[in-house]
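For reference, protein_1.cif is printed below; it contains mmCIF, C-alpha atoms, pLDDT in the B column; chains and numbers go by the auth columns.
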```cif
data_query
#
loop_
_atom_site.group_PDB
_atom_site.id
_atom_site.type_symbol
_atom_site.label_atom_id
_atom_site.label_comp_id
_atom_site.label_asym_id
_atom_site.label_seq_id
_atom_site.Cartn_x
_atom_site.Cartn_y
_atom_site.Cartn_z
_atom_site.B_iso_or_equiv
_atom_site.auth_seq_id
_atom_site.auth_asym_id
ATOM 1 C CA MET A 1 -0.214 -3.986 17.818 62.00 121 E
ATOM 2 C CA THR A 2 0.837 -0.462 17.053 87.00 122 E
ATOM 3 C CA ILE A 3 3.799 0.957 15.208 94.00 123 E
ATOM 4 C CA ASP A 4 5.654 4.231 15.687 96.00 124 E
ATOM 5 C CA LEU A 5 4.671 6.112 12.513 97.00 125 E
ATOM 6 C CA ASN A 6 7.615 8.492 12.749 96.00 126 E
ATOM 7 C CA ALA A 7 10.024 5.556 12.977 97.00 127 E
ATOM 8 C CA LEU A 8 8.212 3.897 10.074 97.00 128 E
ATOM 9 C CA ARG A 9 8.567 7.039 7.953 96.00 129 E
ATOM 10 C CA ASP A 10 12.286 7.229 8.709 96.00 130 E
ATOM 11 C CA VAL A 11 12.907 3.558 7.889 96.00 131 E
ATOM 12 C CA VAL A 12 10.884 3.622 4.666 95.00 132 E
ATOM 13 C CA ARG A 13 12.567 6.763 3.384 94.00 133 E
ATOM 14 C CA GLN A 14 16.016 5.508 4.299 94.00 134 E
ATOM 15 C CA ASN A 15 15.388 2.213 2.519 94.00 135 E
ATOM 16 C CA GLN A 16 14.204 4.089 -0.554 92.00 136 E
ATOM 17 C CA THR A 17 17.212 6.378 -0.494 91.00 137 E
ATOM 18 C CA ASN A 18 19.489 3.341 -0.194 92.00 138 E
ATOM 19 C CA GLN A 19 17.511 1.587 -2.952 89.00 139 E
ATOM 20 C CA GLU A 20 17.068 -1.453 -0.746 90.00 140 E
ATOM 21 C CA ARG A 21 13.931 -3.125 -2.045 90.00 141 E
ATOM 22 C CA LYS A 22 13.790 -5.839 0.608 93.00 142 E
ATOM 23 C CA PRO A 23 16.291 -5.215 3.411 95.00 143 E
ATOM 24 C CA GLU A 24 17.613 -8.319 5.162 94.00 144 E
ATOM 25 C CA GLU A 25 17.930 -6.676 8.561 96.00 145 E
ATOM 26 C CA PRO A 26 14.632 -7.346 10.377 96.00 146 E
ATOM 27 C CA SER A 27 14.508 -3.935 12.040 96.00 147 E
ATOM 28 C CA ARG A 28 14.501 -2.319 8.582 97.00 148 E
ATOM 29 C CA GLN A 29 11.965 -4.655 7.018 97.00 149 E
ATOM 30 C CA VAL A 30 8.426 -3.355 6.642 97.00 150 E
ATOM 31 C CA MET A 31 5.886 -6.128 7.023 97.00 151 E
ATOM 32 C CA VAL A 32 2.107 -6.364 6.876 98.00 152 E
ATOM 33 C CA ASP A 33 0.470 -8.988 9.044 97.00 153 E
ATOM 34 C CA LYS A 34 -2.636 -10.952 8.203 96.00 154 E
ATOM 35 C CA GLU A 35 -4.959 -8.269 9.515 95.00 155 E
ATOM 36 C CA GLY A 36 -3.255 -5.562 7.495 97.00 156 E
ATOM 37 C CA ASN A 37 -1.254 -4.056 10.349 97.00 157 E
ATOM 38 C CA VAL A 38 2.096 -2.553 9.338 97.00 158 E
ATOM 39 C CA ARG A 39 4.997 -3.704 11.505 97.00 159 E
ATOM 40 C CA PHE A 40 8.753 -3.929 11.441 97.00 160 E
ATOM 41 C CA GLY A 41 10.334 -7.285 10.696 96.00 161 E
ATOM 42 C CA ASP A 42 11.642 -7.656 14.230 96.00 162 E
ATOM 43 C CA GLN A 43 8.056 -7.363 15.509 95.00 163 E
ATOM 44 C CA VAL A 44 6.919 -10.413 13.559 95.00 164 E
ATOM 45 C CA SER A 45 7.521 -13.905 14.917 92.00 165 E
ATOM 46 C CA ARG A 46 8.967 -16.616 12.676 87.00 166 E
ATOM 47 C CA ASN A 47 5.817 -18.702 12.556 91.00 167 E
ATOM 48 C CA GLU A 48 3.555 -15.731 11.851 94.00 168 E
ATOM 49 C CA ARG A 49 2.150 -15.150 8.376 94.00 169 E
ATOM 50 C CA ALA A 50 3.118 -11.737 7.087 96.00 170 E
ATOM 51 C CA THR A 51 3.961 -10.057 3.790 96.00 171 E
ATOM 52 C CA GLN A 52 7.128 -8.032 3.262 96.00 172 E
ATOM 53 C CA VAL A 53 6.478 -4.685 1.592 96.00 173 E
ATOM 54 C CA PRO A 54 8.959 -3.900 -1.193 93.00 174 E
ATOM 55 C CA GLN A 55 10.688 -0.638 -0.442 86.00 175 E
ATOM 56 C CA GLU A 56 10.621 0.930 -3.860 77.00 176 E
ATOM 57 C CA THR A 57 7.105 1.777 -2.747 67.00 177 E
ATOM 58 C CA PHE A 58 6.088 5.310 -3.569 72.00 178 E
ATOM 59 C CA ALA A 59 9.594 6.238 -4.664 59.00 179 E
ATOM 60 C CA GLY A 60 9.877 7.472 -8.204 56.00 180 E
ATOM 61 C CA ALA A 61 11.935 5.799 -10.818 49.00 181 E
ATOM 62 C CA ARG A 62 14.620 7.603 -12.742 43.00 182 E
ATOM 63 C CA GLU A 63 12.310 8.262 -15.624 43.00 183 E
ATOM 64 C CA GLY A 64 9.730 9.991 -13.489 48.00 184 E
ATOM 65 C CA ARG A 65 8.443 10.708 -10.053 51.00 185 E
ATOM 66 C CA SER A 66 5.740 8.869 -8.218 52.00 186 E
ATOM 67 C CA MET B 1 -12.862 -21.747 -11.167 67.00 16 T
ATOM 68 C CA SER B 2 -9.668 -20.641 -12.871 86.00 17 T
ATOM 69 C CA ALA B 3 -6.202 -21.510 -11.628 91.00 18 T
ATOM 70 C CA ARG B 4 -5.617 -17.815 -10.947 91.00 19 T
ATOM 71 C CA PHE B 5 -8.738 -17.583 -8.826 91.00 20 T
ATOM 72 C CA GLU B 6 -7.664 -20.607 -6.811 94.00 21 T
ATOM 73 C CA ARG B 7 -4.194 -19.118 -6.196 96.00 22 T
ATOM 74 C CA GLU B 8 -5.786 -15.858 -5.124 96.00 23 T
ATOM 75 C CA ARG B 9 -8.229 -17.633 -2.811 96.00 24 T
ATOM 76 C CA VAL B 10 -5.389 -19.441 -1.028 97.00 25 T
ATOM 77 C CA ALA B 11 -3.306 -16.257 -0.729 97.00 26 T
ATOM 78 C CA VAL B 12 -6.276 -14.363 0.701 98.00 27 T
ATOM 79 C CA ALA B 13 -7.018 -17.092 3.229 97.00 28 T
ATOM 80 C CA GLN B 14 -3.409 -17.268 4.396 97.00 29 T
ATOM 81 C CA PHE B 15 -2.186 -13.679 4.256 97.00 30 T
ATOM 82 C CA MET B 16 -5.041 -11.206 4.005 98.00 31 T
ATOM 83 C CA PRO B 17 -7.533 -9.859 6.560 98.00 32 T
ATOM 84 C CA SER B 18 -10.392 -12.049 7.713 97.00 33 T
ATOM 85 C CA ASN B 19 -12.784 -9.317 6.524 97.00 34 T
ATOM 86 C CA THR B 20 -11.691 -9.811 2.890 98.00 35 T
ATOM 87 C CA ARG B 21 -14.609 -10.620 0.639 97.00 36 T
ATOM 88 C CA HIS B 22 -14.781 -11.837 -2.922 96.00 37 T
ATOM 89 C CA VAL B 23 -16.902 -9.937 -5.392 94.00 38 T
ATOM 90 C CA PRO B 24 -17.519 -12.080 -8.478 86.00 39 T
ATOM 91 C CA ALA B 25 -16.077 -10.995 -11.763 70.00 40 T
ATOM 92 C CA ARG B 26 -17.340 -7.794 -13.295 65.00 41 T
ATOM 93 C CA GLY B 27 -15.806 -6.961 -16.609 66.00 42 T
ATOM 94 C CA GLY B 28 -13.621 -10.024 -16.288 70.00 43 T
ATOM 95 C CA ARG B 29 -12.165 -9.060 -12.929 82.00 44 T
ATOM 96 C CA ASP B 30 -12.518 -10.890 -9.628 89.00 45 T
ATOM 97 C CA LEU B 31 -12.378 -8.334 -6.846 95.00 46 T
ATOM 98 C CA TRP B 32 -10.993 -9.019 -3.378 97.00 47 T
ATOM 99 C CA ILE B 33 -12.167 -6.194 -1.124 97.00 48 T
ATOM 100 C CA PHE B 34 -10.804 -5.712 2.370 98.00 49 T
ATOM 101 C CA THR B 35 -11.086 -3.131 5.120 98.00 50 T
ATOM 102 C CA LYS B 36 -7.835 -1.720 6.428 98.00 51 T
ATOM 103 C CA ARG B 37 -7.900 0.047 9.806 97.00 52 T
ATOM 104 C CA THR B 38 -4.980 2.435 10.154 98.00 53 T
ATOM 105 C CA GLU B 39 -2.983 3.366 13.236 97.00 54 T
ATOM 106 C CA VAL B 40 -4.697 6.756 13.419 97.00 55 T
ATOM 107 C CA GLY B 41 -8.170 5.227 13.202 97.00 56 T
ATOM 108 C CA VAL B 42 -9.128 5.942 9.603 98.00 57 T
ATOM 109 C CA ASP B 43 -10.674 2.943 7.855 98.00 58 T
ATOM 110 C CA PHE B 44 -10.078 2.251 4.175 98.00 59 T
ATOM 111 C CA GLU B 45 -11.855 -0.130 1.857 98.00 60 T
ATOM 112 C CA ILE B 46 -9.542 -1.327 -0.894 98.00 61 T
ATOM 113 C CA ALA B 47 -10.118 -3.704 -3.805 97.00 62 T
ATOM 114 C CA LEU B 48 -7.386 -5.893 -5.257 97.00 63 T
ATOM 115 C CA TYR B 49 -7.810 -7.405 -8.696 96.00 64 T
ATOM 116 C CA TYR B 50 -5.866 -8.802 -11.595 95.00 65 T
ATOM 117 C CA ASP B 51 -5.840 -6.376 -14.501 92.00 66 T
ATOM 118 C CA PRO B 52 -5.182 -8.239 -17.743 90.00 67 T
ATOM 119 C CA ASP B 53 -4.429 -5.000 -19.554 90.00 68 T
ATOM 120 C CA GLU B 54 -1.623 -4.236 -17.099 90.00 69 T
ATOM 121 C CA GLN B 55 -0.681 -7.921 -16.704 91.00 70 T
ATOM 122 C CA GLY B 56 -0.567 -7.570 -12.953 95.00 71 T
ATOM 123 C CA TYR B 57 -2.470 -6.818 -9.780 97.00 72 T
ATOM 124 C CA SER B 58 -3.848 -3.407 -8.956 97.00 73 T
ATOM 125 C CA ALA B 59 -5.159 -1.927 -5.715 97.00 74 T
ATOM 126 C CA GLN B 60 -8.066 0.471 -6.037 97.00 75 T
ATOM 127 C CA LEU B 61 -9.483 2.662 -3.292 98.00 76 T
ATOM 128 C CA VAL B 62 -13.192 2.065 -2.663 97.00 77 T
ATOM 129 C CA SER B 63 -13.604 4.426 0.305 97.00 78 T
ATOM 130 C CA PRO B 64 -13.220 7.014 1.731 97.00 79 T
ATOM 131 C CA GLU B 65 -13.227 9.746 -0.879 96.00 80 T
ATOM 132 C CA LEU B 66 -10.011 11.738 -0.886 96.00 81 T
ATOM 133 C CA GLU B 67 -9.282 15.423 -1.329 94.00 82 T
ATOM 134 C CA ARG B 68 -9.297 16.177 -5.045 94.00 83 T
ATOM 135 C CA ALA B 69 -5.842 17.768 -4.833 93.00 84 T
ATOM 136 C CA TRP B 70 -4.415 14.559 -3.427 94.00 85 T
ATOM 137 C CA GLN B 71 -5.701 12.434 -6.309 93.00 86 T
ATOM 138 C CA ASN B 72 -2.383 12.641 -8.029 89.00 87 T
ATOM 139 C CA GLU B 73 0.451 10.162 -8.598 89.00 88 T
ATOM 140 C CA HIS B 74 2.912 12.376 -6.762 88.00 89 T
ATOM 141 C CA ILE B 75 0.926 14.097 -3.979 92.00 90 T
ATOM 142 C CA GLY B 76 -1.312 11.251 -2.843 95.00 91 T
ATOM 143 C CA HIS B 77 0.179 8.424 -4.900 94.00 92 T
ATOM 144 C CA ILE B 78 -3.175 7.578 -6.403 95.00 93 T
ATOM 145 C CA PHE B 79 -4.551 7.917 -9.922 94.00 94 T
ATOM 146 C CA LYS B 80 -7.766 9.800 -10.563 94.00 95 T
ATOM 147 C CA ASP B 81 -9.613 6.493 -11.084 95.00 96 T
ATOM 148 C CA GLY B 82 -8.679 5.392 -7.545 96.00 97 T
ATOM 149 C CA VAL B 83 -5.878 3.008 -8.468 96.00 98 T
ATOM 150 C CA ILE B 84 -3.056 3.312 -5.954 96.00 99 T
ATOM 151 C CA CYS B 85 0.277 4.237 -7.516 94.00 100 T
ATOM 152 C CA LEU B 86 2.702 1.490 -6.543 92.00 101 T
ATOM 153 C CA GLY B 87 5.938 3.281 -7.401 86.00 102 T
ATOM 154 C CA GLY B 88 8.984 1.662 -8.935 80.00 103 T
ATOM 155 C CA PRO B 89 9.466 1.937 -12.697 79.00 104 T
ATOM 156 C CA ARG B 90 6.722 3.861 -14.491 79.00 105 T
ATOM 157 C CA SER B 91 5.533 0.676 -16.227 80.00 106 T
ATOM 158 C CA ALA B 92 4.709 -0.802 -12.790 82.00 107 T
ATOM 159 C CA TRP B 93 2.923 2.164 -11.255 89.00 108 T
ATOM 160 C CA ARG B 94 -0.575 0.732 -11.804 93.00 109 T
ATOM 161 C CA ALA B 95 0.065 -2.974 -11.346 95.00 110 T
ATOM 162 C CA ALA B 96 2.589 -5.535 -10.127 94.00 111 T
ATOM 163 C CA PRO B 97 2.847 -9.296 -10.609 95.00 112 T
ATOM 164 C CA ASP B 98 2.616 -10.343 -6.953 96.00 113 T
ATOM 165 C CA MET B 99 -0.837 -9.938 -5.398 97.00 114 T
ATOM 166 C CA LEU B 100 0.460 -10.017 -1.831 98.00 115 T
ATOM 167 C CA GLU B 101 3.122 -7.410 -2.476 96.00 116 T
ATOM 168 C CA VAL B 102 0.381 -5.160 -3.824 97.00 117 T
ATOM 169 C CA PHE B 103 -1.653 -5.895 -0.687 98.00 118 T
ATOM 170 C CA GLY B 104 1.320 -4.870 1.447 97.00 119 T
ATOM 171 C CA LYS B 105 1.885 -1.687 -0.529 96.00 120 T
ATOM 172 C CA ALA B 106 -1.802 -0.803 -0.294 97.00 121 T
ATOM 173 C CA CYS B 107 -1.716 -1.157 3.496 98.00 122 T
ATOM 174 C CA LEU B 108 1.378 1.033 3.800 97.00 123 T
ATOM 175 C CA TRP B 109 -0.185 3.577 1.431 97.00 124 T
ATOM 176 C CA ALA B 110 -3.330 3.668 3.598 98.00 125 T
ATOM 177 C CA GLU B 111 -1.261 4.433 6.692 98.00 126 T
ATOM 178 C CA GLY B 112 0.343 7.340 4.825 97.00 127 T
ATOM 179 C CA ILE B 113 -2.892 8.816 3.499 97.00 128 T
ATOM 180 C CA ALA B 114 -4.474 8.411 6.931 98.00 129 T
ATOM 181 C CA VAL B 115 -1.719 10.617 8.364 97.00 130 T
ATOM 182 C CA MET B 116 -2.543 13.219 5.691 97.00 131 T
ATOM 183 C CA ILE B 117 -6.258 13.045 6.564 97.00 132 T
ATOM 184 C CA ARG B 118 -5.725 13.437 10.313 97.00 133 T
ATOM 185 C CA SER B 119 -3.150 16.203 9.794 96.00 134 T
ATOM 186 C CA LYS B 120 -5.590 18.106 7.586 95.00 135 T
ATOM 187 C CA GLU B 121 -8.270 17.790 10.280 96.00 136 T
ATOM 188 C CA LEU B 122 -5.842 19.394 12.720 96.00 137 T
ATOM 189 C CA SER B 123 -5.102 22.214 10.233 94.00 138 T
ATOM 190 C CA ARG B 124 -1.494 21.051 10.070 93.00 139 T
ATOM 191 C CA PRO B 125 -1.278 19.610 6.542 93.00 140 T
ATOM 192 C CA SER B 126 1.297 16.873 6.062 94.00 141 T
ATOM 193 C CA GLU B 127 2.903 15.552 2.939 94.00 142 T
ATOM 194 C CA PHE B 128 2.630 11.826 2.224 95.00 143 T
ATOM 195 C CA PRO B 129 5.095 10.464 4.786 95.00 144 T
ATOM 196 C CA PHE B 130 6.280 7.277 3.120 95.00 145 T
ATOM 197 C CA SER B 131 8.003 8.523 -0.016 92.00 146 T
ATOM 198 C CA ALA B 132 11.434 10.053 -0.298 89.00 147 T
ATOM 199 C CA ASN B 133 9.996 12.142 -3.144 87.00 148 T
ATOM 200 C CA ASN B 134 7.509 14.034 -1.010 89.00 149 T
ATOM 201 C CA THR B 135 8.668 17.104 0.850 86.00 150 T
ATOM 202 C CA GLU B 136 7.407 19.219 3.715 87.00 151 T
ATOM 203 C CA GLY B 137 5.202 22.106 2.696 86.00 152 T
ATOM 204 C CA GLU B 138 4.005 20.690 -0.635 84.00 153 T
ATOM 205 C CA VAL B 139 0.478 20.154 0.713 86.00 154 T
ATOM 206 C CA SER B 140 -1.575 23.135 1.836 78.00 155 T
#
```
Can you present the structure in this file as structure tokens?
Amino acid sequence: MTIDLNALRDVVRQNQTNQERKPEEPSRQVMVDKEGNVRFGDQVSRNERATQVPQETFAGAREGRS
Amino acid sequence: MSARFERERVAVAQFMPSNTRHVPARGGRDLWIFTKRTEVGVDFEIALYYDPDEQGYSAQLVSPELERAWQNEHIGHIFKDGVICLGGPRSAWRAAPDMLEVFGKACLWAEGIAVMIRSKELSRPSEFPFSANNTEGEVS
């Protein structure tokens, strides 16, 4: 399974800009499957074990940048 | 075995890579070390552990060694001791309560740093791609 890294960058940055920690729309969810592969939510089947990545990731808080 | 260890063991078995291995406590910390293969073919070894001082889970890079200039909370989103900066409020940069969320963040971070590594090899340096705070041209 591969993911389009440019599309991933765009989705992650947009989610951060919108301050959406865990978007509900599957195509905007960033997931990590059991083998550590990063995928969008609409690439993960319902019965598959995967972890949703919170989207504040790597975005700085108001009191400082990260 | 502690209740925490048992919870971690179950989470690892269900949600983390089959290559994850447990390294018994050193300095009071049980390490869970996994290998993450990125889309661009750079492998990372990352350790997850509960840090009682931070009251949460941290992800620490084991290998490979990164450019010194990238070992920075802003540029490479990693502290000088190898702990991956998780973002969010400053109090949560080094640790977060949910082990699996930290696992997920570590995997996304690895994909971003791998892009920086491959870009550097091609003499076309890239900023860290997965943070709205990083901008083009900040890495030389």
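Minimum atom-to-atom distances from T:Ser73, T:Ser17, T:Gln86, T:Asn34 to chain E were compared using only C-alpha atoms, and the lowest value belongs to T:Asn34.
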Residue IDs satisfying the PyMOL selection byres ((chain T) within 8 of (chain E)), as a ChimeraX atom specification = /T:29-33,51-54,88-89,92,100-105,108,115-116,119-120,122-123,144-148
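Nearest to Gly91 in chain T of all the residues T:Glu21, T:Phe59, T:Val77, T:Val154 is T:Val154, based on all atoms listed in the file.
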State, in Å with one decimal place, the distance from CA of Asp162 in chain E to CA of Asn138 in chain E.
-> 19.8 Å
Selection result of the PyMOL selection byres ((chain T and resi 46) around 7) on this file, as a PyMOL selection string | chain T and resi 37-40+44-45+47-48+62-64
Would you output that residue set with C-alpha atoms, as a compact mmCIF listing (two decimals), keeping the file's coordinate frame?
```
# COMPACT_ATOMS: atom_id res chain seq x y z
CA HIS T 37 -14.78 -11.84 -2.92
CA VAL T 38 -16.90 -9.94 -5.39
CA PRO T 39 -17.52 -12.08 -8.48
CA ALA T 40 -16.08 -11.00 -11.76
CA ARG T 44 -12.16 -9.06 -12.93
CA ASP T 45 -12.52 -10.89 -9.63
CA TRP T 47 -10.99 -9.02 -3.38
CA ILE T 48 -12.17 -6.19 -1.12
CA ALA T 62 -10.12 -3.70 -3.80
CA LEU T 63 -7.39 -5.89 -5.26
CA TYR T 64 -7.81 -7.40 -8.70
```
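Reported to one decimal place, the separation of CA of Gln149 in chain E from CA of Asp66 in chain T is 28.0 Å.
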List the residues selected by the PyMOL selection byres ((chain E and resi 146) around 9) in the file shown, writing them as number ranges by chain.
-> E: 143-145, 147-150, 160-164
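Taking CA of Pro140 in chain T as the reference point, CA of Trp85 in chain T is found at 11.6 Å.
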For Ser155 in chain T, work out the shell of residues within 9 Å, counting all atoms listed in the file and skipping chain neighbours fewer than 4 positions away, then give it as a PyMOL selection string.
-> chain T and resi 135+139-142
Grab chain E from that structure and dump C-alpha atoms to a file, as a PDB file, in the first residue's frame.
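What follows is the written file part-v8.pdb:
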```pdb
ATOM      1  CA  MET E 121       0.000   0.000   0.000  1.00  0.00           C
ATOM      2  CA  THR E 122       1.367   3.369  -0.943  1.00  0.00           C
ATOM      3  CA  ILE E 123       0.139   6.872  -0.306  1.00  0.00           C
ATOM      4  CA  ASP E 124       0.533  10.029  -2.373  1.00  0.00           C
ATOM      5  CA  LEU E 125       2.903  12.063  -0.177  1.00  0.00           C
ATOM      6  CA  ASN E 126       1.943  15.351  -1.806  1.00  0.00           C
ATOM      7  CA  ALA E 127      -1.736  14.663  -1.121  1.00  0.00           C
ATOM      8  CA  LEU E 128      -0.843  13.655   2.436  1.00  0.00           C
ATOM      9  CA  ARG E 129       1.055  16.913   2.967  1.00  0.00           C
ATOM     10  CA  ASP E 130      -1.893  18.936   1.681  1.00  0.00           C
ATOM     11  CA  VAL E 131      -4.431  17.119   3.869  1.00  0.00           C
ATOM     12  CA  VAL E 132      -2.304  17.304   7.019  1.00  0.00           C
ATOM     13  CA  ARG E 133      -1.586  21.000   6.610  1.00  0.00           C
ATOM     14  CA  GLN E 134      -5.199  21.802   5.827  1.00  0.00           C
ATOM     15  CA  ASN E 135      -6.380  19.902   8.895  1.00  0.00           C
ATOM     16  CA  GLN E 136      -3.868  21.771  11.031  1.00  0.00           C
ATOM     17  CA  THR E 137      -4.907  25.108   9.588  1.00  0.00           C
ATOM     18  CA  ASN E 138      -8.551  24.242  10.270  1.00  0.00           C
ATOM     19  CA  GLN E 139      -7.605  23.009  13.761  1.00  0.00           C
ATOM     20  CA  GLU E 140      -9.384  19.734  13.121  1.00  0.00           C
ATOM     21  CA  ARG E 141      -7.692  17.262  15.434  1.00  0.00           C
ATOM     22  CA  LYS E 142      -9.586  14.205  14.215  1.00  0.00           C
ATOM     23  CA  PRO E 143     -11.622  14.950  11.085  1.00  0.00           C
ATOM     24  CA  GLU E 144     -14.769  12.868  10.630  1.00  0.00           C
ATOM     25  CA  GLU E 145     -14.563  12.772   6.849  1.00  0.00           C
ATOM     26  CA  PRO E 146     -12.622   9.597   5.971  1.00  0.00           C
ATOM     27  CA  SER E 147     -10.758  11.179   3.065  1.00  0.00           C
ATOM     28  CA  ARG E 148      -9.274  13.728   5.488  1.00  0.00           C
ATOM     29  CA  GLN E 149      -8.410  11.266   8.232  1.00  0.00           C
ATOM     30  CA  VAL E 150      -4.780  10.218   8.525  1.00  0.00           C
ATOM     31  CA  MET E 151      -4.466   6.642   9.709  1.00  0.00           C
ATOM     32  CA  VAL E 152      -1.589   4.298  10.477  1.00  0.00           C
ATOM     33  CA  ASP E 153      -2.172   0.616   9.868  1.00  0.00           C
ATOM     34  CA  LYS E 154      -0.745  -2.229  11.887  1.00  0.00           C
ATOM     35  CA  GLU E 155       2.483  -2.307   9.916  1.00  0.00           C
ATOM     36  CA  GLY E 156       3.039   1.410  10.348  1.00  0.00           C
ATOM     37  CA  ASN E 157       1.913   2.446   6.872  1.00  0.00           C
ATOM     38  CA  VAL E 158       0.300   5.890   6.672  1.00  0.00           C
ATOM     39  CA  ARG E 159      -3.006   5.916   4.800  1.00  0.00           C
ATOM     40  CA  PHE E 160      -6.105   8.018   4.418  1.00  0.00           C
ATOM     41  CA  GLY E 161      -9.228   6.954   6.270  1.00  0.00           C
ATOM     42  CA  ASP E 162     -11.019   6.004   3.072  1.00  0.00           C
ATOM     43  CA  GLN E 163      -8.198   3.544   2.312  1.00  0.00           C
ATOM     44  CA  VAL E 164      -8.805   1.581   5.502  1.00  0.00           C
ATOM     45  CA  SER E 165     -11.552  -1.032   5.665  1.00  0.00           C
ATOM     46  CA  ARG E 166     -13.962  -1.107   8.606  1.00  0.00           C
ATOM     47  CA  ASN E 167     -12.682  -4.363  10.037  1.00  0.00           C
ATOM     48  CA  GLU E 168      -9.027  -3.366   9.744  1.00  0.00           C
ATOM     49  CA  ARG E 169      -7.044  -2.352  12.814  1.00  0.00           C
ATOM     50  CA  ALA E 170      -5.599   1.110  12.400  1.00  0.00           C
ATOM     51  CA  THR E 171      -4.775   4.141  14.530  1.00  0.00           C
ATOM     52  CA  GLN E 172      -6.007   7.634  13.703  1.00  0.00           C
ATOM     53  CA  VAL E 173      -3.260  10.250  13.888  1.00  0.00           C
ATOM     54  CA  PRO E 174      -4.340  13.422  15.703  1.00  0.00           C
ATOM     55  CA  GLN E 175      -3.895  16.382  13.414  1.00  0.00           C
ATOM     56  CA  GLU E 176      -2.397  18.846  15.829  1.00  0.00           C
ATOM     57  CA  THR E 177       0.720  16.879  14.976  1.00  0.00           C
ATOM     58  CA  PHE E 178       3.739  19.051  14.374  1.00  0.00           C
ATOM     59  CA  ALA E 179       1.676  22.227  14.468  1.00  0.00           C
ATOM     60  CA  GLY E 180       2.716  24.719  17.083  1.00  0.00           C
ATOM     61  CA  ALA E 181       0.493  25.878  19.836  1.00  0.00           C
ATOM     62  CA  ARG E 182      -0.277  29.514  20.422  1.00  0.00           C
ATOM     63  CA  GLU E 183       2.379  29.798  23.057  1.00  0.00           C
ATOM     64  CA  GLY E 184       5.122  28.569  20.784  1.00  0.00           C
ATOM     65  CA  ARG E 185       6.046  26.867  17.586  1.00  0.00           C
ATOM     66  CA  SER E 186       6.822  23.232  17.097  1.00  0.00           C
TER      67      SER E 186
END
```
